[in-house]
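Report on one structure; see the data block that follows.
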Amino acid sequence: MHVVILAEFASPSGGAEKVAVESARGLAELGLRVTYVQGVAGPVDPLLDHRNVTRIGLDLPDVWARNPVAAAAAGIWHARSARALQDALRRLPVAPDVVHVHQWTRSLSPAIFPVLLAAGAPVVLTLHDYFLACPNGVHYRFDAGEPCSLAPMSAACILAPCDAKSRLHKLVRVARTAAARRAVSGRGLHVVHVCDASRARMGTMLGGYGLTHHRVDNPVRVAPGAPAAPEAGDAVAYVGRLTREKGADLVAAAAHQAGLTALFVGTGPLEAELRAMPGVELLGWRSPEAVQAELRHRARALAAPSRWYETGPLTVYEALAAGIPVVASDRSGAAEKVLDGTSGFVVPPEPAALTAAFAKLADDARVAAMGRAAHARYWAAPMTIARHAEASAALYAGLRRTPRDAMQQEPAGIAAERPALHPL
């Protein structure tokens with residue numbers, strides 16, 4: 001089987017590209033032929049150095065590196081990316097059996113979907129976020145600091161000043177979402193959800209667009225080993241971008257109230273605010289190996305109190321695999337992997353609830369028991385790269401046995417495929 005994996009980067013700087021790279025490696029080790037198509041030129045992860053992996057670079061500009069007008073136009077519909085991708089697919093020595101997309105918003109744009117959906121192979125898109133449904137991608141009101149309750153692309157949604165940047169930025173994203181929806185509607189796209197909550201939520205948001213929904217866990221790159229000793233730690237750890245929607249400020253305040261150090265690994269817009277708070281340590285970015293070592297040495301628990309409906313934060317699964325309890329937001333997909341009171345706590349992302357959970361971490365015996373439970377539960381059904389690859393390969397095999405819609409034909413031209421830019 002030949003699988004084409006499409007992502008905008010080939011070196012992990014976030015969860016989506018990390019999953020893309022690790023998935024490519026897992027499939028290659030399973031014996032599948034993998035072509036990794038990289039949108040933006042840049043570093044390449046050593047995991048892609050495998051005899052069964054071929055990498056193709058499209059050398060597209062990152063939208064964030066362009067001037068605002070060019071970035072807006074390319075973000076809505078980047079014809080160059082569609083032409084480059086179409087050319088790359090035509091040059092493949094062996095036609096793909098499946099194309100799997102992990103990222104498309106930074107350089108590729110909705111323009112790639114007509115090309116892929118007309119290429120003759122099933123097309124799969126992993127929904128690491130909500131961009132196919134929601135203009136700002138996280139179904140969150142940055143203006144109100146809470147999850148969005150509006151129907152995506154409704155009149156109320158379009159008028160809401162919910163974007164993290166500006167109203168103008170929101171309008172560009174509305175146009176992009178409209179373009180993406182029109183490009184995939186009724187065309188036989190398969191979407192993969194990485195948590196049960198995302199599948200339920202997105203199924204409602206995207207009803208009527210002819211999508212087929214599937215469920216596959218993200219891979220977690222953690223080697224088996226002895227569980228950590230979290231009862232010896234002195235801090236509540238937070239790993240990731242330091243933002244309000246991910247609850248970094250909640251961790252700092254609640255840890256101080258509970259008498260614990262708040263240990264932050266990462267950077268972000270809240271860095272200066274957190275640095276001024278008592279009992280906070282900021283370590284900046286660290287390599288994955290350094291993060292694991294720091295967690296094993298310092299963490300009584302990992303905290304992930306997202307205010308938004310986060311789909312599958314990998315750091316939570318990595319902590320559980322190491323035998324470190326997790327305090328997870330009840331809005332996050334990670335909560336599905338935490339047994340409340342046994343391997344950690346599942347709480348609403350609110351100061352009082354988080355403080356109460358952190359206060360329970362003062363009990364060494366309880367923390368030790370939760371750590372052992374976290375380790376045992378994770379390794380009873382580990383989310384390894386190999387298991388992820390097996391689940392993905394089974395999905396692909398099933399799609400190959402399903403006849404494609406007869407309407408899928410070679411596009412007459414990239415410009416002809418450009419959809420009208422109005423909400424559906």
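Residue numbers start at 1 in each chain; chains themselves are named A, B, ... in the order of the structure tokens; ligands are numbered from 1 in the order shown.
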Q) Skipping near chain neighbours, those fewer than 2 positions away, what residues fall within 10 Å of stretch 243-247 of chain A using only C-alpha atoms, listed as a PyMOL selection string? A) chain A and resi 138+140-142+145-147+238+240-241+249-252+267-271+303-310+329+332+349-351
Within 9 Å of stretch 9-33 of chain A, which residues of stretch 142-254 of chain A come that close, and what is the closest atom pair and distance in Å for each? Count only C-alpha atoms and give it as CSV.
residue,atom,partner,partner_atom,distance
A:Asn218,CA,A:Val19,CA,6.5
A:Pro219,CA,A:Val19,CA,6.4
A:Val220,CA,A:Val19,CA,8.3
A:Arg221,CA,A:Glu22,CA,7.8
Q: Name all residues at most 6 Å from stretch 180-194 of chain A (count only C-alpha atoms; drop same-chain ones fewer than 6 positions away) and give them as a PyMOL selection string.
A: chain A and resi 110+123-127+209-218
Deliver the residues from the most recent selection as a file, using N, CA, C and O atoms, as a JSON list (two decimals), in the first residue's frame.
[["chain", "number", "residue", "atom", "x", "y", "z"],
["A", 110, "PRO", "N", -7.58, 25.94, 1.36],
["A", 110, "PRO", "CA", -8.61, 25.02, 0.85],
["A", 110, "PRO", "C", -8.41, 24.64, -0.62],
["A", 110, "PRO", "O", -9.06, 23.71, -1.10],
["A", 123, "VAL", "N", -9.35, 10.26, 0.38],
["A", 123, "VAL", "CA", -8.67, 11.36, 1.08],
["A", 123, "VAL", "C", -9.15, 11.40, 2.52],
["A", 123, "VAL", "O", -10.35, 11.40, 2.79],
["A", 124, "VAL", "N", -8.18, 11.43, 3.44],
["A", 124, "VAL", "CA", -8.45, 11.43, 4.88],
["A", 124, "VAL", "C", -7.88, 12.72, 5.46],
["A", 124, "VAL", "O", -6.77, 13.13, 5.12],
["A", 125, "LEU", "N", -8.62, 13.35, 6.33],
["A", 125, "LEU", "CA", -8.15, 14.56, 7.03],
["A", 125, "LEU", "C", -8.30, 14.34, 8.53],
["A", 125, "LEU", "O", -9.41, 14.08, 9.01],
["A", 126, "THR", "N", -7.19, 14.41, 9.27],
["A", 126, "THR", "CA", -7.28, 14.33, 10.73],
["A", 126, "THR", "C", -7.65, 15.70, 11.27],
["A", 126, "THR", "O", -7.00, 16.71, 10.96],
["A", 127, "LEU", "N", -8.67, 15.74, 12.10],
["A", 127, "LEU", "CA", -9.15, 17.00, 12.69],
["A", 127, "LEU", "C", -8.44, 17.24, 14.02],
["A", 127, "LEU", "O", -8.96, 16.95, 15.09],
["A", 209, "TYR", "N", -22.51, 17.70, 5.13],
["A", 209, "TYR", "CA", -21.45, 17.95, 4.16],
["A", 209, "TYR", "C", -20.90, 16.67, 3.54],
["A", 209, "TYR", "O", -19.89, 16.70, 2.84],
["A", 210, "GLY", "N", -21.55, 15.55, 3.81],
["A", 210, "GLY", "CA", -21.15, 14.32, 3.16],
["A", 210, "GLY", "C", -19.84, 13.76, 3.65],
["A", 210, "GLY", "O", -19.17, 13.01, 2.93],
["A", 211, "LEU", "N", -19.44, 14.09, 4.87],
["A", 211, "LEU", "CA", -18.20, 13.57, 5.43],
["A", 211, "LEU", "C", -18.44, 12.20, 6.06],
["A", 211, "LEU", "O", -19.51, 11.92, 6.57],
["A", 212, "THR", "N", -17.41, 11.36, 6.05],
["A", 212, "THR", "CA", -17.44, 10.09, 6.76],
["A", 212, "THR", "C", -16.49, 10.20, 7.95],
["A", 212, "THR", "O", -15.32, 10.54, 7.77],
["A", 213, "HIS", "N", -16.99, 9.92, 9.15],
["A", 213, "HIS", "CA", -16.23, 10.14, 10.38],
["A", 213, "HIS", "C", -15.59, 8.84, 10.88],
["A", 213, "HIS", "O", -16.22, 7.78, 10.87],
["A", 214, "HIS", "N", -14.34, 8.96, 11.35],
["A", 214, "HIS", "CA", -13.61, 7.83, 11.90],
["A", 214, "HIS", "C", -12.93, 8.28, 13.20],
["A", 214, "HIS", "O", -12.79, 9.47, 13.47],
["A", 215, "ARG", "N", -12.49, 7.32, 13.97],
["A", 215, "ARG", "CA", -11.88, 7.60, 15.28],
["A", 215, "ARG", "C", -10.57, 6.82, 15.41],
["A", 215, "ARG", "O", -10.56, 5.59, 15.40],
["A", 216, "VAL", "N", -9.44, 7.54, 15.51],
["A", 216, "VAL", "CA", -8.12, 6.93, 15.72],
["A", 216, "VAL", "C", -7.35, 7.78, 16.72],
["A", 216, "VAL", "O", -7.25, 9.00, 16.56],
["A", 217, "ASP", "N", -6.79, 7.13, 17.76],
["A", 217, "ASP", "CA", -5.98, 7.86, 18.73],
["A", 217, "ASP", "C", -4.70, 8.40, 18.10],
["A", 217, "ASP", "O", -4.14, 7.79, 17.17],
["A", 218, "ASN", "N", -4.23, 9.53, 18.60],
["A", 218, "ASN", "CA", -2.92, 10.03, 18.23],
["A", 218, "ASN", "C", -1.84, 9.07, 18.74],
["A", 218, "ASN", "O", -2.03, 8.41, 19.77]]
Selection near stretch 363-380 of chain A, 6 Å with only C-alpha atoms, sequence-local residues under 6 positions removed, as a CSV table (one decimal) with all heavy atoms, in the first residue's frame:
chain,number,residue,atom,x,y,z
A,231,GLU,N,5.4,11.2,44.0
A,231,GLU,CA,5.3,11.7,45.4
A,231,GLU,C,6.5,12.4,45.9
A,231,GLU,O,6.5,13.1,46.9
A,231,GLU,CB,5.0,10.5,46.3
A,231,GLU,CG,6.1,9.5,46.4
A,231,GLU,CD,6.1,8.4,45.3
A,231,GLU,OE1,5.4,8.6,44.3
A,231,GLU,OE2,6.9,7.4,45.4
A,320,LEU,N,0.9,10.4,31.6
A,320,LEU,CA,0.3,9.2,32.0
A,320,LEU,C,1.2,7.9,31.8
A,320,LEU,O,1.3,7.1,32.6
A,320,LEU,CB,-1.1,9.0,31.4
A,320,LEU,CG,-2.1,10.0,31.7
A,320,LEU,CD1,-3.3,9.8,30.8
A,320,LEU,CD2,-2.6,9.9,33.2
A,321,ALA,N,1.8,7.9,30.6
A,321,ALA,CA,2.7,6.8,30.3
A,321,ALA,C,3.9,6.7,31.2
A,321,ALA,O,4.5,5.7,31.5
A,321,ALA,CB,3.2,7.0,28.8
A,323,GLY,N,3.8,7.5,34.4
A,323,GLY,CA,3.3,7.3,35.7
A,323,GLY,C,3.2,8.5,36.5
A,323,GLY,O,3.4,8.5,37.7
A,324,ILE,N,2.8,9.6,35.9
A,324,ILE,CA,2.6,10.9,36.5
A,324,ILE,C,1.1,11.3,36.5
A,324,ILE,O,0.5,11.3,35.4
A,324,ILE,CB,3.4,12.0,35.9
A,324,ILE,CG1,4.9,11.7,36.0
A,324,ILE,CG2,3.1,13.4,36.4
A,324,ILE,CD1,5.8,12.6,35.1
A,325,PRO,N,0.4,11.5,37.6
A,325,PRO,CA,-1.0,11.9,37.6
A,325,PRO,C,-1.2,13.1,36.7
A,325,PRO,O,-0.4,14.0,36.6
A,325,PRO,CB,-1.3,12.1,39.1
A,325,PRO,CG,-0.2,11.4,39.8
A,325,PRO,CD,1.0,11.5,39.0
A,342,THR,N,-8.5,8.4,40.4
A,342,THR,CA,-7.6,7.2,40.4
A,342,THR,C,-6.3,7.4,39.7
A,342,THR,O,-5.2,7.2,40.3
A,342,THR,CB,-8.4,6.0,39.6
A,342,THR,OG1,-9.6,5.7,40.4
A,342,THR,CG2,-7.5,4.8,39.6
A,343,SER,N,-6.3,8.0,38.5
A,343,SER,CA,-5.0,8.3,37.8
A,343,SER,C,-4.8,9.8,37.7
A,343,SER,O,-3.9,10.3,37.0
A,343,SER,CB,-5.0,7.7,36.4
A,343,SER,OG,-6.1,8.1,35.6
Q: Enumerate as an NGL selection string all residues of stretch 216-422 of chain A assigned to strand (DSSP E or B) by DSSP on the backbone, naming them with the chain letters and numbers the document uses.
A: :A and (235-239 or 261-266 or 280-282 or 284 or 299-304 or 326-329 or 340 or 344-347)
Q) Just asking: which residues within stretch 114-351 of chain A are alpha helix (DSSP H) according to DSSP, as a ChimeraX atom specification? A) /A:114-117,155-159,167-184,196-205,248-257,271-275,288-298,314-322,351
(Q) What's around A:Pro122 at 12 Å? Count only C-alpha atoms, leave out sequence neighbours fewer than 3 positions away in its own chain, and write the answer as a PyMOL selection string. (A) chain A and resi 2-4+95-101+113+115-119+125+187-191+211-212+395-405+408
Q: Would you kindly return, as a PyMOL selection string, each protein, DNA or RNA residue with an atom no farther than 9 Å from any atom of A:Asp196, considering only C-alpha atoms and excluding same-chain residues fewer than 5 positions away?
A: chain A and resi 201+215+311+333+336
Q) To one decimal place, how far is atom CA of A:Gly203 from atom CA of A:Tyr130 in Å? A) 11.1 Å
(Q) Would you compute the distance between atom CA of A:Val239 and atom CA of A:Ala352? Give it in Å to one decimal. (A) 21.3 Å
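Take atom CA of A:Pro230 and atom CA of A:Ala319: the distance between them is 10.5 Å.
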(Q) Residues within 7 Å of stretch 159-173 of chain A, please, as a ChimeraX atom specification. Count only C-alpha atoms; anything in the same chain fewer than 5 positions from it doesn't count. (A) /A:72,76,135-136,141-143
Print the selection's residues with N, CA, C and O atoms to a file, as a short mmCIF file (atom, residue, chain, number, x, y, z; two decimals), in the first residue's frame.
data_model
loop_
_atom_site.label_atom_id
_atom_site.label_comp_id
_atom_site.auth_asym_id
_atom_site.auth_seq_id
_atom_site.Cartn_x
_atom_site.Cartn_y
_atom_site.Cartn_z
N ALA A 72 -3.56 37.11 3.48
CA ALA A 72 -5.02 36.94 3.48
C ALA A 72 -5.49 36.22 2.22
O ALA A 72 -6.26 35.27 2.26
N ILE A 76 -7.02 32.27 2.07
CA ILE A 76 -8.36 31.94 1.60
C ILE A 76 -8.30 30.92 0.46
O ILE A 76 -9.04 29.93 0.44
N PRO A 135 -14.19 29.25 12.12
CA PRO A 135 -13.18 30.14 11.53
C PRO A 135 -11.91 30.30 12.36
O PRO A 135 -10.81 30.33 11.81
N ASN A 136 -12.02 30.42 13.70
CA ASN A 136 -10.79 30.63 14.48
C ASN A 136 -10.13 29.32 14.90
O ASN A 136 -9.08 29.33 15.54
N ARG A 141 -14.34 31.63 22.27
CA ARG A 141 -14.51 33.09 22.22
C ARG A 141 -13.35 33.75 22.93
O ARG A 141 -13.33 33.83 24.16
N PHE A 142 -12.38 34.24 22.16
CA PHE A 142 -11.25 34.93 22.79
C PHE A 142 -11.69 36.24 23.42
O PHE A 142 -11.05 36.73 24.35
N ASP A 143 -12.77 36.83 22.91
CA ASP A 143 -13.26 38.07 23.49
C ASP A 143 -13.93 37.84 24.83
O ASP A 143 -13.89 38.70 25.72
#
Q: Using only C-alpha atoms, find the one residue out of A:Ala255, A:Leu283, A:Leu339, A:Val222 that sits nearest to A:Ala386.
A: A:Val222
